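See below for target.pdb, which holds PDB, C-alpha atoms, pLDDT in the B column.
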ATOM      1  CA  MET A   1      61.600  19.575 -43.296  1.00 62.00           C
ATOM      2  CA  LYS A   2      61.674  23.060 -44.810  1.00 72.00           C
ATOM      3  CA  PRO A   3      63.796  25.584 -42.829  1.00 68.00           C
ATOM      4  CA  ASN A   4      62.365  28.567 -44.737  1.00 75.00           C
ATOM      5  CA  SER A   5      58.751  27.549 -44.218  1.00 83.00           C
ATOM      6  CA  PRO A   6      56.534  29.704 -41.926  1.00 87.00           C
ATOM      7  CA  ILE A   7      55.179  26.565 -40.225  1.00 91.00           C
ATOM      8  CA  SER A   8      56.704  26.456 -36.736  1.00 91.00           C
ATOM      9  CA  SER A   9      55.779  24.166 -33.855  1.00 91.00           C
ATOM     10  CA  ASN A  10      53.375  26.768 -32.488  1.00 91.00           C
ATOM     11  CA  VAL A  11      51.635  26.980 -35.865  1.00 93.00           C
ATOM     12  CA  LEU A  12      51.210  23.198 -35.850  1.00 95.00           C
ATOM     13  CA  LYS A  13      49.818  23.347 -32.318  1.00 94.00           C
ATOM     14  CA  TRP A  14      47.283  26.022 -33.275  1.00 95.00           C
ATOM     15  CA  ILE A  15      46.150  23.979 -36.265  1.00 96.00           C
ATOM     16  CA  ALA A  16      45.895  20.880 -34.068  1.00 96.00           C
ATOM     17  CA  ILE A  17      43.824  22.763 -31.496  1.00 96.00           C
ATOM     18  CA  ILE A  18      41.455  24.281 -34.049  1.00 96.00           C
ATOM     19  CA  THR A  19      40.841  20.969 -35.822  1.00 96.00           C
ATOM     20  CA  MET A  20      40.394  19.247 -32.445  1.00 95.00           C
ATOM     21  CA  VAL A  21      37.733  21.780 -31.442  1.00 96.00           C
ATOM     22  CA  VAL A  22      35.885  21.137 -34.702  1.00 96.00           C
ATOM     23  CA  ASP A  23      36.002  17.404 -33.986  1.00 94.00           C
ATOM     24  CA  HIS A  24      34.793  17.722 -30.412  1.00 94.00           C
ATOM     25  CA  PHE A  25      32.027  20.118 -31.417  1.00 94.00           C
ATOM     26  CA  ALA A  26      30.715  17.432 -33.749  1.00 92.00           C
ATOM     27  CA  VAL A  27      30.970  14.693 -31.121  1.00 90.00           C
ATOM     28  CA  ILE A  28      29.255  16.697 -28.411  1.00 90.00           C
ATOM     29  CA  PHE A  29      26.648  18.684 -30.338  1.00 88.00           C
ATOM     30  CA  LEU A  30      25.972  16.868 -33.623  1.00 88.00           C
ATOM     31  CA  ALA A  31      26.383  13.143 -32.943  1.00 82.00           C
ATOM     32  CA  GLY A  32      23.160  11.153 -33.208  1.00 76.00           C
ATOM     33  CA  ASN A  33      21.249  13.906 -34.988  1.00 78.00           C
ATOM     34  CA  ASN A  34      20.374  12.754 -38.508  1.00 80.00           C
ATOM     35  CA  ASP A  35      19.588  16.311 -39.559  1.00 79.00           C
ATOM     36  CA  TYR A  36      23.283  17.120 -39.227  1.00 83.00           C
ATOM     37  CA  ALA A  37      24.766  13.848 -40.475  1.00 86.00           C
ATOM     38  CA  LEU A  38      26.713  15.489 -43.309  1.00 90.00           C
ATOM     39  CA  GLU A  39      28.021  18.283 -41.093  1.00 91.00           C
ATOM     40  CA  TYR A  40      28.994  15.714 -38.466  1.00 90.00           C
ATOM     41  CA  ASN A  41      31.014  13.634 -40.936  1.00 89.00           C
ATOM     42  CA  ILE A  42      32.769  16.691 -42.373  1.00 91.00           C
ATOM     43  CA  CYS A  43      33.699  17.946 -38.898  1.00 93.00           C
ATOM     44  CA  ARG A  44      35.016  14.541 -37.880  1.00 90.00           C
ATOM     45  CA  MET A  45      37.151  14.351 -41.007  1.00 90.00           C
ATOM     46  CA  ILE A  46      38.609  17.776 -40.260  1.00 93.00           C
ATOM     47  CA  GLY A  47      39.122  16.778 -36.659  1.00 92.00           C
ATOM     48  CA  ARG A  48      41.161  13.714 -37.620  1.00 89.00           C
ATOM     49  CA  ILE A  49      43.992  16.047 -38.606  1.00 93.00           C
ATOM     50  CA  SER A  50      44.624  16.916 -34.955  1.00 94.00           C
ATOM     51  CA  PHE A  51      46.032  13.689 -33.472  1.00 93.00           C
ATOM     52  CA  PRO A  52      48.858  13.204 -36.007  1.00 93.00           C
ATOM     53  CA  LEU A  53      49.952  16.793 -35.331  1.00 95.00           C
ATOM     54  CA  PHE A  54      49.857  16.270 -31.563  1.00 95.00           C
ATOM     55  CA  ALA A  55      51.790  13.027 -32.020  1.00 95.00           C
ATOM     56  CA  PHE A  56      54.459  14.773 -34.061  1.00 95.00           C
ATOM     57  CA  MET A  57      54.755  17.659 -31.595  1.00 95.00           C
ATOM     58  CA  LEU A  58      55.147  15.118 -28.791  1.00 96.00           C
ATOM     59  CA  THR A  59      58.202  13.737 -30.565  1.00 95.00           C
ATOM     60  CA  GLU A  60      59.578  17.255 -30.975  1.00 94.00           C
ATOM     61  CA  GLY A  61      58.970  17.919 -27.296  1.00 93.00           C
ATOM     62  CA  PHE A  62      60.808  14.707 -26.460  1.00 94.00           C
ATOM     63  CA  ARG A  63      63.792  15.774 -28.550  1.00 91.00           C
ATOM     64  CA  HIS A  64      64.079  19.203 -26.983  1.00 89.00           C
ATOM     65  CA  THR A  65      62.867  18.845 -23.400  1.00 90.00           C
ATOM     66  CA  SER A  66      65.399  19.633 -20.695  1.00 88.00           C
ATOM     67  CA  ASP A  67      63.658  17.379 -18.164  1.00 93.00           C
ATOM     68  CA  ILE A  68      61.924  14.291 -19.514  1.00 94.00           C
ATOM     69  CA  LYS A  69      60.570  13.305 -16.092  1.00 93.00           C
ATOM     70  CA  LYS A  70      58.796  16.644 -15.668  1.00 94.00           C
ATOM     71  CA  TYR A  71      57.431  16.263 -19.184  1.00 95.00           C
ATOM     72  CA  MET A  72      56.006  12.854 -18.271  1.00 96.00           C
ATOM     73  CA  LEU A  73      54.612  14.238 -15.020  1.00 96.00           C
ATOM     74  CA  ARG A  74      52.803  17.074 -16.834  1.00 94.00           C
ATOM     75  CA  LEU A  75      51.218  14.641 -19.262  1.00 95.00           C
ATOM     76  CA  GLY A  76      50.260  12.295 -16.426  1.00 95.00           C
ATOM     77  CA  ILE A  77      48.565  15.063 -14.437  1.00 95.00           C
ATOM     78  CA  LEU A  78      46.720  16.324 -17.507  1.00 95.00           C
ATOM     79  CA  ALA A  79      45.633  12.768 -18.344  1.00 94.00           C
ATOM     80  CA  ILE A  80      44.020  12.453 -14.903  1.00 94.00           C
ATOM     81  CA  VAL A  81      42.509  15.948 -14.957  1.00 93.00           C
ATOM     82  CA  SER A  82      41.104  15.443 -18.452  1.00 93.00           C
ATOM     83  CA  GLU A  83      39.504  12.050 -17.885  1.00 92.00           C
ATOM     84  CA  ILE A  84      36.161  13.188 -16.461  1.00 91.00           C
ATOM     85  CA  PRO A  85      35.587  15.943 -19.077  1.00 90.00           C
ATOM     86  CA  SER A  86      36.576  13.427 -21.781  1.00 90.00           C
ATOM     87  CA  ASP A  87      34.143  10.795 -20.471  1.00 88.00           C
ATOM     88  CA  LEU A  88      31.322  13.315 -20.273  1.00 88.00           C
ATOM     89  CA  ALA A  89      32.058  14.514 -23.808  1.00 86.00           C
ATOM     90  CA  LYS A  90      31.725  10.964 -25.143  1.00 79.00           C
ATOM     91  CA  GLY A  91      28.467  10.078 -23.428  1.00 73.00           C
ATOM     92  CA  MET A  92      27.496  12.523 -20.673  1.00 64.00           C
ATOM     93  CA  GLN A  93      28.487   9.950 -18.079  1.00 70.00           C
ATOM     94  CA  ILE A  94      31.638   8.907 -16.251  1.00 75.00           C
ATOM     95  CA  SER A  95      32.552   5.405 -17.380  1.00 73.00           C
ATOM     96  CA  PHE A  96      36.367   5.153 -17.702  1.00 70.00           C
ATOM     97  CA  LYS A  97      35.780   2.606 -20.503  1.00 76.00           C
ATOM     98  CA  SER A  98      38.201   4.534 -22.696  1.00 83.00           C
ATOM     99  CA  GLN A  99      41.039   6.877 -21.783  1.00 91.00           C
ATOM    100  CA  ASN A 100      41.622  10.392 -23.055  1.00 92.00           C
ATOM    101  CA  ILE A 101      44.314  11.408 -25.517  1.00 93.00           C
ATOM    102  CA  PHE A 102      46.856  12.381 -22.836  1.00 95.00           C
ATOM    103  CA  PHE A 103      47.129   8.740 -21.737  1.00 96.00           C
ATOM    104  CA  GLU A 104      48.038   7.839 -25.317  1.00 96.00           C
ATOM    105  CA  LEU A 105      50.613  10.630 -25.488  1.00 96.00           C
ATOM    106  CA  LEU A 106      52.074   9.657 -22.106  1.00 97.00           C
ATOM    107  CA  ILE A 107      52.490   6.021 -23.133  1.00 97.00           C
ATOM    108  CA  GLY A 108      54.045   7.165 -26.400  1.00 97.00           C
ATOM    109  CA  LEU A 109      56.472   9.412 -24.550  1.00 97.00           C
ATOM    110  CA  ILE A 110      57.500   6.574 -22.234  1.00 96.00           C
ATOM    111  CA  VAL A 111      58.063   4.315 -25.249  1.00 96.00           C
ATOM    112  CA  LEU A 112      60.272   6.963 -26.884  1.00 96.00           C
ATOM    113  CA  TYR A 113      62.228   7.341 -23.653  1.00 94.00           C
ATOM    114  CA  PHE A 114      63.018   3.639 -23.410  1.00 92.00           C
ATOM    115  CA  ILE A 115      63.810   3.021 -27.076  1.00 90.00           C
ATOM    116  CA  GLU A 116      66.333   5.859 -26.942  1.00 84.00           C
ATOM    117  CA  LYS A 117      68.045   4.823 -23.713  1.00 75.00           C
ATOM    118  CA  LYS A 118      71.720   4.034 -24.210  1.00 58.00           C
ATOM    119  CA  TYR A 119      71.729   0.278 -23.834  1.00 56.00           C
ATOM    120  CA  ILE A 120      75.162  -1.308 -23.519  1.00 55.00           C
ATOM    121  CA  ILE A 121      74.522  -3.655 -26.389  1.00 62.00           C
ATOM    122  CA  LYS A 122      77.090  -4.023 -29.147  1.00 67.00           C
ATOM    123  CA  ASN A 123      74.899  -6.296 -31.227  1.00 71.00           C
ATOM    124  CA  LYS A 124      72.748  -4.052 -33.440  1.00 74.00           C
ATOM    125  CA  ASP A 125      70.251  -6.809 -34.189  1.00 77.00           C
ATOM    126  CA  LEU A 126      69.662  -7.443 -30.491  1.00 82.00           C
ATOM    127  CA  SER A 127      69.291  -3.722 -29.880  1.00 80.00           C
ATOM    128  CA  MET A 128      66.654  -3.521 -32.638  1.00 84.00           C
ATOM    129  CA  ILE A 129      64.769  -6.478 -31.156  1.00 87.00           C
ATOM    130  CA  ILE A 130      64.689  -4.791 -27.746  1.00 88.00           C
ATOM    131  CA  ARG A 131      63.377  -1.572 -29.259  1.00 89.00           C
ATOM    132  CA  PHE A 132      60.711  -3.493 -31.151  1.00 91.00           C
ATOM    133  CA  LEU A 133      59.613  -5.240 -27.944  1.00 93.00           C
ATOM    134  CA  ILE A 134      59.384  -1.895 -26.145  1.00 94.00           C
ATOM    135  CA  ILE A 135      57.207  -0.467 -28.907  1.00 95.00           C
ATOM    136  CA  ALA A 136      55.059  -3.618 -28.915  1.00 95.00           C
ATOM    137  CA  ALA A 137      54.665  -3.457 -25.124  1.00 96.00           C
ATOM    138  CA  GLY A 138      53.538   0.166 -25.335  1.00 96.00           C
ATOM    139  CA  ALA A 139      51.081  -0.658 -28.128  1.00 95.00           C
ATOM    140  CA  VAL A 140      49.621  -3.594 -26.185  1.00 97.00           C
ATOM    141  CA  PHE A 141      49.311  -1.539 -22.999  1.00 96.00           C
ATOM    142  CA  ALA A 142      47.581   1.322 -24.848  1.00 95.00           C
ATOM    143  CA  THR A 143      45.125  -1.201 -26.273  1.00 94.00           C
ATOM    144  CA  LEU A 144      44.478  -2.889 -22.929  1.00 95.00           C
ATOM    145  CA  ILE A 145      43.608   0.371 -21.161  1.00 93.00           C
ATOM    146  CA  HIS A 146      41.535   1.509 -24.165  1.00 91.00           C
ATOM    147  CA  ALA A 147      43.584   4.620 -24.842  1.00 92.00           C
ATOM    148  CA  GLU A 148      42.093   6.936 -27.465  1.00 87.00           C
ATOM    149  CA  TYR A 149      43.834   5.346 -30.494  1.00 88.00           C
ATOM    150  CA  LYS A 150      45.028   2.144 -28.801  1.00 90.00           C
ATOM    151  CA  TRP A 151      48.034   0.419 -30.494  1.00 93.00           C
ATOM    152  CA  GLN A 152      47.646   2.571 -33.557  1.00 91.00           C
ATOM    153  CA  GLY A 153      48.434   5.775 -31.687  1.00 93.00           C
ATOM    154  CA  ILE A 154      51.723   4.379 -30.380  1.00 95.00           C
ATOM    155  CA  VAL A 155      52.756   3.251 -33.858  1.00 94.00           C
ATOM    156  CA  VAL A 156      51.976   6.727 -35.215  1.00 93.00           C
ATOM    157  CA  ILE A 157      53.995   8.427 -32.455  1.00 95.00           C
ATOM    158  CA  VAL A 158      57.035   6.216 -33.068  1.00 95.00           C
ATOM    159  CA  ALA A 159      56.736   6.680 -36.847  1.00 94.00           C
ATOM    160  CA  PHE A 160      56.673  10.447 -36.408  1.00 94.00           C
ATOM    161  CA  TYR A 161      59.744  10.238 -34.202  1.00 94.00           C
ATOM    162  CA  TYR A 162      61.700   8.617 -37.034  1.00 93.00           C
ATOM    163  CA  ILE A 163      59.990  10.446 -39.907  1.00 92.00           C
ATOM    164  CA  LYS A 164      62.836  12.934 -40.367  1.00 88.00           C
ATOM    165  CA  SER A 165      65.163  10.105 -41.365  1.00 88.00           C
ATOM    166  CA  ASN A 166      62.866   8.904 -44.153  1.00 90.00           C
ATOM    167  CA  PHE A 167      59.715  10.938 -44.659  1.00 92.00           C
ATOM    168  CA  ILE A 168      58.166   8.737 -47.355  1.00 91.00           C
ATOM    169  CA  LEU A 169      58.806   5.436 -45.566  1.00 91.00           C
ATOM    170  CA  TYR A 170      57.350   6.499 -42.234  1.00 90.00           C
ATOM    171  CA  SER A 171      54.450   8.346 -43.872  1.00 91.00           C
ATOM    172  CA  ILE A 172      53.543   5.062 -45.544  1.00 90.00           C
ATOM    173  CA  ALA A 173      53.833   3.308 -42.168  1.00 88.00           C
ATOM    174  CA  ILE A 174      51.382   5.785 -40.651  1.00 87.00           C
ATOM    175  CA  GLU A 175      48.918   5.333 -43.515  1.00 86.00           C
ATOM    176  CA  VAL A 176      49.176   1.546 -43.328  1.00 86.00           C
ATOM    177  CA  SER A 177      48.518   1.539 -39.573  1.00 83.00           C
ATOM    178  CA  TYR A 178      45.259   3.396 -40.182  1.00 80.00           C
ATOM    179  CA  LEU A 179      44.237   1.125 -43.044  1.00 82.00           C
ATOM    180  CA  ILE A 180      44.952  -1.975 -40.948  1.00 82.00           C
ATOM    181  CA  ASN A 181      42.454  -0.581 -38.482  1.00 70.00           C
ATOM    182  CA  SER A 182      39.964  -0.190 -41.377  1.00 62.00           C
ATOM    183  CA  ASP A 183      39.791   3.558 -40.836  1.00 69.00           C
ATOM    184  CA  LEU A 184      39.826   4.878 -44.392  1.00 76.00           C
ATOM    185  CA  VAL A 185      38.525   8.292 -43.303  1.00 74.00           C
ATOM    186  CA  LEU A 186      41.397   8.675 -40.864  1.00 75.00           C
ATOM    187  CA  ALA A 187      43.893   7.485 -43.476  1.00 81.00           C
ATOM    188  CA  ILE A 188      42.662  10.179 -45.857  1.00 85.00           C
ATOM    189  CA  SER A 189      42.457  12.868 -43.193  1.00 83.00           C
ATOM    190  CA  VAL A 190      46.035  12.314 -42.033  1.00 87.00           C
ATOM    191  CA  ILE A 191      47.394  13.391 -45.425  1.00 92.00           C
ATOM    192  CA  PRO A 192      47.014  17.141 -44.653  1.00 93.00           C
ATOM    193  CA  ALA A 193      48.815  16.541 -41.352  1.00 93.00           C
ATOM    194  CA  LEU A 194      51.687  14.828 -43.141  1.00 93.00           C
ATOM    195  CA  ILE A 195      51.943  17.733 -45.579  1.00 93.00           C
ATOM    196  CA  LEU A 196      52.099  20.196 -42.676  1.00 94.00           C
ATOM    197  CA  VAL A 197      54.807  18.109 -40.976  1.00 94.00           C
ATOM    198  CA  TYR A 198      56.778  18.020 -44.226  1.00 93.00           C
ATOM    199  CA  PHE A 199      56.801  21.829 -44.342  1.00 94.00           C
ATOM    200  CA  TYR A 200      57.610  22.186 -40.643  1.00 94.00           C
ATOM    201  CA  ASN A 201      60.608  24.505 -40.256  1.00 91.00           C
ATOM    202  CA  GLY A 202      61.972  22.953 -37.063  1.00 87.00           C
ATOM    203  CA  LYS A 203      61.488  26.158 -35.073  1.00 86.00           C
ATOM    204  CA  LYS A 204      59.403  26.733 -31.985  1.00 78.00           C
ATOM    205  CA  GLY A 205      57.951  30.116 -32.839  1.00 67.00           C
ATOM    206  CA  SER A 206      57.058  32.633 -30.141  1.00 66.00           C
ATOM    207  CA  ASP A 207      58.164  31.478 -26.687  1.00 66.00           C
ATOM    208  CA  SER A 208      55.839  32.184 -23.755  1.00 68.00           C
ATOM    209  CA  LYS A 209      55.049  30.312 -20.540  1.00 74.00           C
ATOM    210  CA  ILE A 210      51.452  31.502 -20.794  1.00 79.00           C
ATOM    211  CA  LEU A 211      51.160  30.105 -24.324  1.00 81.00           C
ATOM    212  CA  LYS A 212      52.845  26.881 -23.227  1.00 80.00           C
ATOM    213  CA  TRP A 213      50.307  26.276 -20.463  1.00 85.00           C
ATOM    214  CA  PHE A 214      47.473  27.397 -22.702  1.00 90.00           C
ATOM    215  CA  PHE A 215      48.308  24.547 -25.088  1.00 88.00           C
ATOM    216  CA  TYR A 216      48.366  22.084 -22.176  1.00 87.00           C
ATOM    217  CA  LEU A 217      45.207  23.221 -20.395  1.00 91.00           C
ATOM    218  CA  PHE A 218      43.071  23.930 -23.429  1.00 94.00           C
ATOM    219  CA  TYR A 219      42.055  20.267 -23.824  1.00 94.00           C
ATOM    220  CA  PRO A 220      40.287  19.724 -20.478  1.00 93.00           C
ATOM    221  CA  VAL A 221      38.992  23.303 -20.268  1.00 94.00           C
ATOM    222  CA  HIS A 222      37.334  23.390 -23.685  1.00 94.00           C
ATOM    223  CA  LEU A 223      35.802  19.958 -23.100  1.00 94.00           C
ATOM    224  CA  ALA A 224      34.373  21.118 -19.772  1.00 93.00           C
ATOM    225  CA  ILE A 225      32.900  24.207 -21.444  1.00 94.00           C
ATOM    226  CA  PHE A 226      31.415  22.191 -24.305  1.00 93.00           C
ATOM    227  CA  VAL A 227      29.918  19.619 -21.941  1.00 91.00           C
ATOM    228  CA  THR A 228      28.392  22.339 -19.779  1.00 90.00           C
ATOM    229  CA  LEU A 229      26.864  24.061 -22.811  1.00 89.00           C
ATOM    230  CA  ARG A 230      25.650  20.704 -24.099  1.00 86.00           C
ATOM    231  CA  TYR A 231      23.952  19.930 -20.800  1.00 82.00           C
ATOM    232  CA  ILE A 232      22.300  23.338 -20.597  1.00 82.00           C
ATOM    233  CA  SER A 233      21.150  23.451 -24.222  1.00 75.00           C
ATOM    234  CA  TYR A 234      20.251  19.815 -24.921  1.00 64.00           C
ATOM    235  CA  LYS A 235      19.504  18.358 -21.542  1.00 58.00           C
ATOM    236  CA  TYR A 236      17.142  15.716 -22.879  1.00 49.00           C
ATOM    237  CA  TYR A 237      19.005  14.948 -26.083  1.00 49.00           C
ATOM    238  CA  PRO A 238      21.105  11.732 -25.912  1.00 51.00           C
ATOM    239  CA  VAL A 239      24.758  11.943 -26.840  1.00 46.00           C
ATOM    240  CA  SER A 240      26.615   9.213 -28.714  1.00 46.00           C
ATOM    241  CA  ASN A 241      30.124   8.997 -30.138  1.00 42.00           C
TER     242      ASN A 241
END

Translate the structure described by the file into structure tokens.
Amino acid sequence: MKPNSPISSNVLKWIAIITMVVDHFAVIFLAGNNDYALEYNICRMIGRISFPLFAFMLTEGFRHTSDIKKYMLRLGILAIVSEIPSDLAKGMQISFKSQNIFFELLIGLIVLYFIEKKYIIKNKDLSMIIRFLIIAAGAVFATLIHAEYKWQGIVVIVAFYYIKSNFILYSIAIEVSYLINSDLVLAISVIPALILVYFYNGKKGSDSKILKWFFYLFYPVHLAIFVTLRYISYKYYPVSN
């Protein structure tokens, strides 16, 4: 991390939000339209930068939160609130076949909480095995409920939690997890996110409750707005993800 860099946590959040909006614009307005195939692919590639940044900021939030249970509760409420807008954005229907990104972040946060609990275990090997099983359980659960990035998202969150101890090693782990999932586009797109994380200065930036809640509520609100505009403008045009 670079203490003198201008990239604070708020800067990372703004970049994550902007790239996420680009991604969702493509999914909601461009998907399935061959006339905009190139634009769609470019927007999706840009949008792939967002999740790694959100995953990293989750780990920073975990490190600095004064009340982990309230943090979990906020993510849980937002996961529930965001589910209908997320479903509609993916197919203009409520299906619950896949869960929105807040479910992934919540599972990741719970995994971080348990792997960092102070177990009374003197044997380091046993302690490592327990942590591995916790991570595996979180990854399996995320896959079973069809969270946004399934097992991969949990691996990325955990890797970002440890990335400060060995940036190169855990960056490689993140890249490998994407390649295992045969997502070359995502593996390429995550590189800018890793560069931004590398230059992160460890500071929060401007502190404001309004800004804090803006970052939380932006996800469901912007999806609801996009879906509404999509329905009004392209009522008879099928949406696919």

Run the PyMOL selection byres ((chain A and resi 111) around 12) on the file and write out the hits as a PyMOL selection string. chain A and resi 58-59+62+72+104-110+112-117+130-142+151+153-159+161

Written as a count of residues only, what is the full residue list that the PyMOL selection byres ((chain A and resi 6) around 8) yields on the file shown? 6

Coordinates of box centre and edge lengths for stretch 220-225 of chain A, 6 Å on every side, axis-aligned, as JSON:
{"center_x": 36.6, "center_y": 22.0, "center_z": -21.7, "size_x": 19.4, "size_y": 16.5, "size_z": 15.9}

Residue among A:Ala26, A:Leu217, A:Met20, A:Val197 lying closest to A:Arg230, counting all atoms listed in the file: A:Ala26

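Relative to atom CA of A:Gly202, atom CA of A:Met128 is found at 27.2 Å.
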
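Restricting the calculation to all atoms listed in the file, the smallest distance between A:Met45 and any of A:Asn181, A:Asn166, A:Thr19, A:Thr65 is found for A:Thr19.
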
Apply the PyMOL selection byres ((chain A and resi 189) around 10) to the file shown and report the selected residues as a PyMOL selection string. chain A and resi 44-50+52+175+183-188+190-194

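For the residues A:Thr228, A:Ala37, A:Glu148, A:Phe56, ranking by smallest atom-to-atom distance to A:Tyr170 using all atoms listed in the file places A:Phe56 first.
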
Can you pull out every residue within 7 Å of A:Ile94, counting all atoms listed in the file, but drop anything in the same chain fewer than 4 positions away, and send it as a VMD selection string? chain A and resid 84 87 to 88

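Of the residues listed (A:Phe54, A:Lys209, A:Tyr216, A:Ile77), A:Phe54 shows the shortest atom-to-atom separation from A:Lys13; distances use all atoms listed in the file.
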
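Comparing A:Phe218, A:Phe103, A:Tyr198, A:Phe226 by their smallest distance to A:Ile18, the closest is A:Phe218 (using only C-alpha atoms).
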
To one decimal in Å, tell me the separation between atom CA of A:Thr143 and atom CA of A:Leu78. 19.7 Å

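Remark: for A:Pro85, the closest of the candidate residues A:Ile172, A:Ile180, A:Asp67, A:His222 is A:His222 (distances computed over all atoms listed in the file).
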
Interatomic distance (Å, one decimal) between atom CA of A:Ser177 and atom CA of A:His146: 16.9 Å

Could you name the residues that touch A:Ser9 at 7 Å or less, counting all atoms listed in the file, but leaving out those on the same chain fewer than 2 positions away, as a PyMOL selection string? chain A and resi 7+11-13+57+203-205
